[in-house]
Amino acid sequence: MRWEQKVQFASLSDVGFRRRNNQDNFVVMLSPDAETFQIRGHLFIVADGMGGHAVGELASKIAVDTIPHTYFKNRTDDIPTALNAAIVEANAAVHEKGSQNIDFNRMGTTCVTLALGPQGAVAGHVGDSRLYRVRREQIDQLTFDHSLEWELIRHGRIKPNDQLLPEIKHVITRSVGPEPEVEPEVEGPFPVWPGDTFLLCSDGLTGLVKDAEIGAIVKHLPPTDACRLLVNLANQRGGTDNITVIIAQVGPLPEGTPPLSDEIPSADPQPDQLSGGLWLAGLWASGLTFVLGVVYAMLQEAERERGVALAVLSAIAFLVALVFWRKQARQQSGEQSAKVESSVLSRAHRTASAKLTSDVFAALAKCESDMQRSAASEQWPVDAAACETARAAAKTTLDSKQSTEALKEFAKSIDLLMTGWQQYRKAAAAREAEAKE
């Protein structure tokens with residue numbers, strides 16, 4: 001990645017519908033100059049605090065304050081080493097604070113960090129807050145959840161799709177703060193391609209929104225709009241936890257700048273691709289000759305033997321061409337796999353499609369429809385005309401297969417409804433408070 005590549009980012013943190021306070025914290029620190037970028041790059045952090053009352057909020061705040069300070073101050077080590085040291089220092093700071101007061105005992109926080117620098121992307125994390133990367137039509141989870149569920153999957157005790165009790169599903173096996181020492185998981189650097197989009201989030205999002213939905217939304221909406229729609233979906237589906245999202249999209253290479261070896265590979269035909277095309281053409285020619293030989297033998301009674309011989313020879317040529325073509329295809333596939341061995345694609349812990357599929361639109365339509373019914377029955381203060389306009393536009397653009405435009409209209413409609421819902425909830429809470437007084 002180059003200093004000249006602009007990073008468009010957005011962030012949003014929401015308390016959700018079930019919590020009284022927001023225990024999540026986040027920070028975005030872009031390098032102010034090229035020199036700092038060369039040493040440390042840009043830094044993004046999401047921390048999800050754990051503990052009653054304000055304890056978790058304090059733990060996550062200490063983490064997002066300590067990590068950037070330690071990370072940027074350390075100007076001698078490489079980025080992975082510096083990131084690891086910063087998380088270890090944050091653990092010491094949270095643990096020390098927890099030891100000073102019995103009410104803070106064993107307070108902790110998850111932590112996921114992303115450093116985007118000249119060597120690529122480096123991920124450092126503890127806990128189950130996640131880092132994703134959306135590239136082209138695919139979303140990859142780059143971090144391994146430090147949870148009992150994922151550890152059981154890793155050791156083959158359960159399968160990924162097994163239904164688990166909540167007591168097991170939400171158990172964290174590693175976090176920042178409760179213990180004097182912690183072992184962060186740091187991976188990378190991974191190659192960064194122009195257009196790559198990274199998402200950091202707390203489990204308030206991933207517990208309610210599927211990877212494929214996240215990928216499609218992040219892929220096809222600007223970062224600010226994508227953050228709002230993702231948080232709205234999580235809230236519409238219960239909002240059981242705090243929800244925090246950071247989205248960072250890497251811009252194009254400067255005009256006239258030749259790509260590095262780990263940046264987007266050229267789309268121009270390479271010699272091996274051309275030779276593969278020649279083999280494929282030869283394969284089809286052999287097959288066609290075989291068919292013509294059979295037809296010739298059937299039509300020319302007097303030349304049957306010659307036609308049969310031609311057909312047999314053509315069949316042999318066809319099979320030889322097929323064998324060589326298959327061998328070359330496997331060789332090219334192996335070479336390509338070797339080329340991307342160091343890329344994030346081969347290291348993703350979980351992968352899903354980022355395409356705007358019918359399933360994604362069905363989920364959005366259900367979300368909108370459910371909210372429309374509730375808005376009508378409970379009389380939310382919603383701009384009905386604006387909602388109807390966005391809803392009609394979503395249907396029109398979807399029918400005409402303008403998928404990206406349809407997604408934008410669904411996002412507008414859902415956001416209008418969510419705004420009305422939030423106002424309705426605040427008014428209801430105020431009335432309830434007055435009644436108690």
# chains A, B, ... in the order shown; residues from 1 in each chain; ligands from 1
>>> residues_around(residues="Val245 of chain A", least_positions_apart="5", cutoff="8 Å", atoms="only C-alpha atoms", output="list in words")
Ser11, Leu12, Ser13, Val46, Leu199, Leu200, Cys201, Ser202, Leu205, Cys227 and Val231 of chain A
>>> residues_around(residues="Val171 of chain A", least_positions_apart="3", cutoff="6 Å", atoms="only C-alpha atoms", output="list of chain:residue names")
A:Ser147, A:Leu148, A:Ile168
>>> atom_distance(atom1="atom CA of Glu405 of chain A", atom2="atom CA of Ala212 of chain A")
18.3 Å
>>> closest_residue(among="A:Ala384, A:Val27, A:Ala363, A:Val192", to="Gly251 of chain A", atoms="only C-alpha atoms")
A:Val192
>>> closest_residue(among="A:Ser99, A:Asn232, A:Thr197, A:Gln422", to="Ala248 of chain A", atoms="only C-alpha atoms")
A:Thr197
>>> atom_distance(atom1="atom CA of Lys366 of chain A", atom2="atom CA of Asp383 of chain A")
19.6 Å
>>> residues_around(residues="Ser369 of chain A", least_positions_apart="4", cutoff="12 Å", atoms="only C-alpha atoms", output="VMD selection string")
chain A and resid 236 361 to 365 373 to 376 387 to 388 391 410 413 to 414 417
>>> select_by_dssp(residues="segment 55-238 of chain A", states="strand (DSSP E or B)", output="PyMOL selection string")
chain A and resi 108-109+111-117+120-126+130-135+138-141+147+172+176+185-190+197-201
>>> residues_around(residues="Asn84 of chain A", least_positions_apart="5", cutoff="8 Å", atoms="only C-alpha atoms", output="ChimeraX atom specification")
/A:124,184-186
>>> write_last_selection(atoms="N, CA and C atoms", output="PDB file, in the first residue's frame")
ATOM      1  N   GLY A 124      -4.163  -7.473  14.504  1.00  0.00           N
ATOM      2  CA  GLY A 124      -3.842  -7.928  15.848  1.00  0.00           C
ATOM      3  C   GLY A 124      -5.111  -7.953  16.675  1.00  0.00           C
ATOM      4  N   PRO A 184      -1.642 -11.911  22.414  1.00  0.00           N
ATOM      5  CA  PRO A 184      -2.397 -11.443  21.247  1.00  0.00           C
ATOM      6  C   PRO A 184      -2.111 -12.331  20.039  1.00  0.00           C
ATOM      7  N   GLU A 185      -3.026 -12.332  19.114  1.00  0.00           N
ATOM      8  CA  GLU A 185      -2.820 -13.029  17.848  1.00  0.00           C
ATOM      9  C   GLU A 185      -2.591 -11.966  16.774  1.00  0.00           C
ATOM     10  N   VAL A 186      -1.389 -11.950  16.221  1.00  0.00           N
ATOM     11  CA  VAL A 186      -1.017 -10.963  15.212  1.00  0.00           C
ATOM     12  C   VAL A 186      -0.710 -11.691  13.913  1.00  0.00           C
TER      13      VAL A 186
END
>>> residues_around(residues="Gly108 of chain A", least_positions_apart="5", cutoff="12 Å", atoms="only C-alpha atoms", output="ChimeraX atom specification")
/A:23-24,47-52,54-63,90-99,126-127,172-180,182
>>> write_last_selection(atoms="N, CA and C atoms", output="short mmCIF file (atom, residue, chain, number, x, y, z; two decimals), in the first residue's frame")
data_model
loop_
_atom_site.label_atom_id
_atom_site.label_comp_id
_atom_site.auth_asym_id
_atom_site.auth_seq_id
_atom_site.Cartn_x
_atom_site.Cartn_y
_atom_site.Cartn_z
N GLN A 23 -20.57 -0.14 26.14
CA GLN A 23 -19.26 -0.57 26.64
C GLN A 23 -18.24 -0.73 25.51
N ASP A 24 -18.65 -0.44 24.27
CA ASP A 24 -17.71 -0.47 23.15
C ASP A 24 -16.97 0.87 23.06
N ALA A 47 -12.85 -2.03 20.46
CA ALA A 47 -12.76 -2.76 21.73
C ALA A 47 -14.15 -2.90 22.33
N ASP A 48 -14.47 -4.10 22.78
CA ASP A 48 -15.79 -4.41 23.35
C ASP A 48 -15.59 -4.79 24.81
N GLY A 49 -15.94 -3.86 25.72
CA GLY A 49 -15.69 -4.07 27.14
C GLY A 49 -16.61 -5.10 27.76
N MET A 50 -16.12 -5.73 28.81
CA MET A 50 -16.88 -6.76 29.53
C MET A 50 -16.86 -6.44 31.02
N GLY A 51 -18.02 -6.49 31.65
CA GLY A 51 -18.13 -6.21 33.07
C GLY A 51 -19.38 -5.42 33.36
N GLY A 52 -19.86 -5.47 34.57
CA GLY A 52 -21.09 -4.79 34.92
C GLY A 52 -20.92 -3.28 35.00
N ALA A 54 -20.25 0.39 34.55
CA ALA A 54 -19.31 1.12 33.69
C ALA A 54 -17.95 0.43 33.61
N VAL A 55 -17.83 -0.77 34.18
CA VAL A 55 -16.53 -1.44 34.23
C VAL A 55 -16.04 -1.80 32.83
N GLY A 56 -16.91 -2.40 32.03
CA GLY A 56 -16.51 -2.77 30.67
C GLY A 56 -16.18 -1.56 29.83
N GLU A 57 -16.95 -0.50 30.00
CA GLU A 57 -16.70 0.73 29.26
C GLU A 57 -15.33 1.31 29.60
N LEU A 58 -14.98 1.23 30.88
CA LEU A 58 -13.67 1.72 31.31
C LEU A 58 -12.55 0.87 30.72
N ALA A 59 -12.74 -0.45 30.72
CA ALA A 59 -11.72 -1.34 30.18
C ALA A 59 -11.47 -1.08 28.69
N SER A 60 -12.54 -0.94 27.92
CA SER A 60 -12.36 -0.71 26.48
C SER A 60 -11.77 0.67 26.22
N LYS A 61 -12.11 1.65 27.07
CA LYS A 61 -11.55 2.99 26.91
C LYS A 61 -10.04 2.99 27.18
N ILE A 62 -9.62 2.26 28.22
CA ILE A 62 -8.19 2.16 28.50
C ILE A 62 -7.46 1.52 27.32
N ALA A 63 -8.07 0.50 26.73
CA ALA A 63 -7.45 -0.20 25.60
C ALA A 63 -7.26 0.71 24.40
N ALA A 90 -1.57 -2.63 26.70
CA ALA A 90 -2.96 -2.35 27.05
C ALA A 90 -3.47 -3.36 28.07
N ASN A 91 -3.09 -4.61 27.92
CA ASN A 91 -3.50 -5.63 28.88
C ASN A 91 -2.97 -5.30 30.27
N ALA A 92 -1.72 -4.87 30.32
CA ALA A 92 -1.13 -4.53 31.61
C ALA A 92 -1.86 -3.34 32.23
N ALA A 93 -2.23 -2.36 31.41
CA ALA A 93 -2.92 -1.17 31.93
C ALA A 93 -4.31 -1.50 32.45
N VAL A 94 -5.05 -2.33 31.72
CA VAL A 94 -6.39 -2.71 32.15
C VAL A 94 -6.31 -3.57 33.40
N HIS A 95 -5.36 -4.50 33.41
CA HIS A 95 -5.23 -5.38 34.58
C HIS A 95 -4.85 -4.59 35.82
N GLU A 96 -3.95 -3.63 35.68
CA GLU A 96 -3.54 -2.81 36.83
C GLU A 96 -4.73 -2.03 37.38
N LYS A 97 -5.53 -1.45 36.48
CA LYS A 97 -6.71 -0.71 36.92
C LYS A 97 -7.69 -1.63 37.62
N GLY A 98 -7.87 -2.83 37.11
CA GLY A 98 -8.78 -3.79 37.73
C GLY A 98 -8.33 -4.25 39.09
N SER A 99 -7.03 -4.20 39.34
CA SER A 99 -6.48 -4.65 40.63
C SER A 99 -6.59 -3.58 41.71
N VAL A 126 -7.48 -9.79 20.26
CA VAL A 126 -7.73 -10.67 21.40
C VAL A 126 -9.24 -10.68 21.61
N GLY A 127 -9.83 -11.86 21.67
CA GLY A 127 -11.28 -11.97 21.88
C GLY A 127 -12.04 -12.26 20.60
N ILE A 172 -15.90 -16.34 26.05
CA ILE A 172 -14.64 -15.85 25.51
C ILE A 172 -13.49 -16.57 26.20
N THR A 173 -12.53 -17.06 25.42
CA THR A 173 -11.40 -17.79 25.99
C THR A 173 -10.17 -16.91 26.20
N ARG A 174 -10.20 -15.69 25.66
CA ARG A 174 -9.04 -14.82 25.78
C ARG A 174 -9.52 -13.37 25.70
N SER A 175 -9.06 -12.52 26.59
CA SER A 175 -9.44 -11.10 26.54
C SER A 175 -8.35 -10.25 27.17
N VAL A 176 -8.47 -8.95 26.98
CA VAL A 176 -7.48 -8.01 27.48
C VAL A 176 -7.88 -7.56 28.89
N GLY A 177 -7.03 -7.83 29.89
CA GLY A 177 -7.26 -7.28 31.21
C GLY A 177 -7.42 -8.24 32.37
N PRO A 178 -8.22 -9.30 32.26
CA PRO A 178 -8.46 -10.13 33.45
C PRO A 178 -7.21 -10.79 34.01
N GLU A 179 -6.29 -11.17 33.14
CA GLU A 179 -5.07 -11.85 33.58
C GLU A 179 -3.87 -10.91 33.45
N PRO A 180 -2.81 -11.17 34.25
CA PRO A 180 -1.62 -10.30 34.18
C PRO A 180 -0.95 -10.32 32.81
N VAL A 182 -1.28 -11.66 28.54
CA VAL A 182 -2.16 -12.10 27.46
C VAL A 182 -1.32 -12.37 26.22
#
>>> closest_residue(among="A:Glu137, A:Glu183, A:Asp399, A:Glu151", to="Lys219 of chain A", atoms="only C-alpha atoms")
A:Glu137
>>> atom_distance(atom1="atom CA of Met107 of chain A", atom2="atom CA of Arg20 of chain A")
17.8 Å
>>> residues_around(residues="Pro32 of chain A", least_positions_apart="6", cutoff="12 Å", atoms="only C-alpha atoms", output="list in words")
Trp3, Gln38, Ile39, Arg40, Gly41, His42, Leu43 and Phe72 of chain A
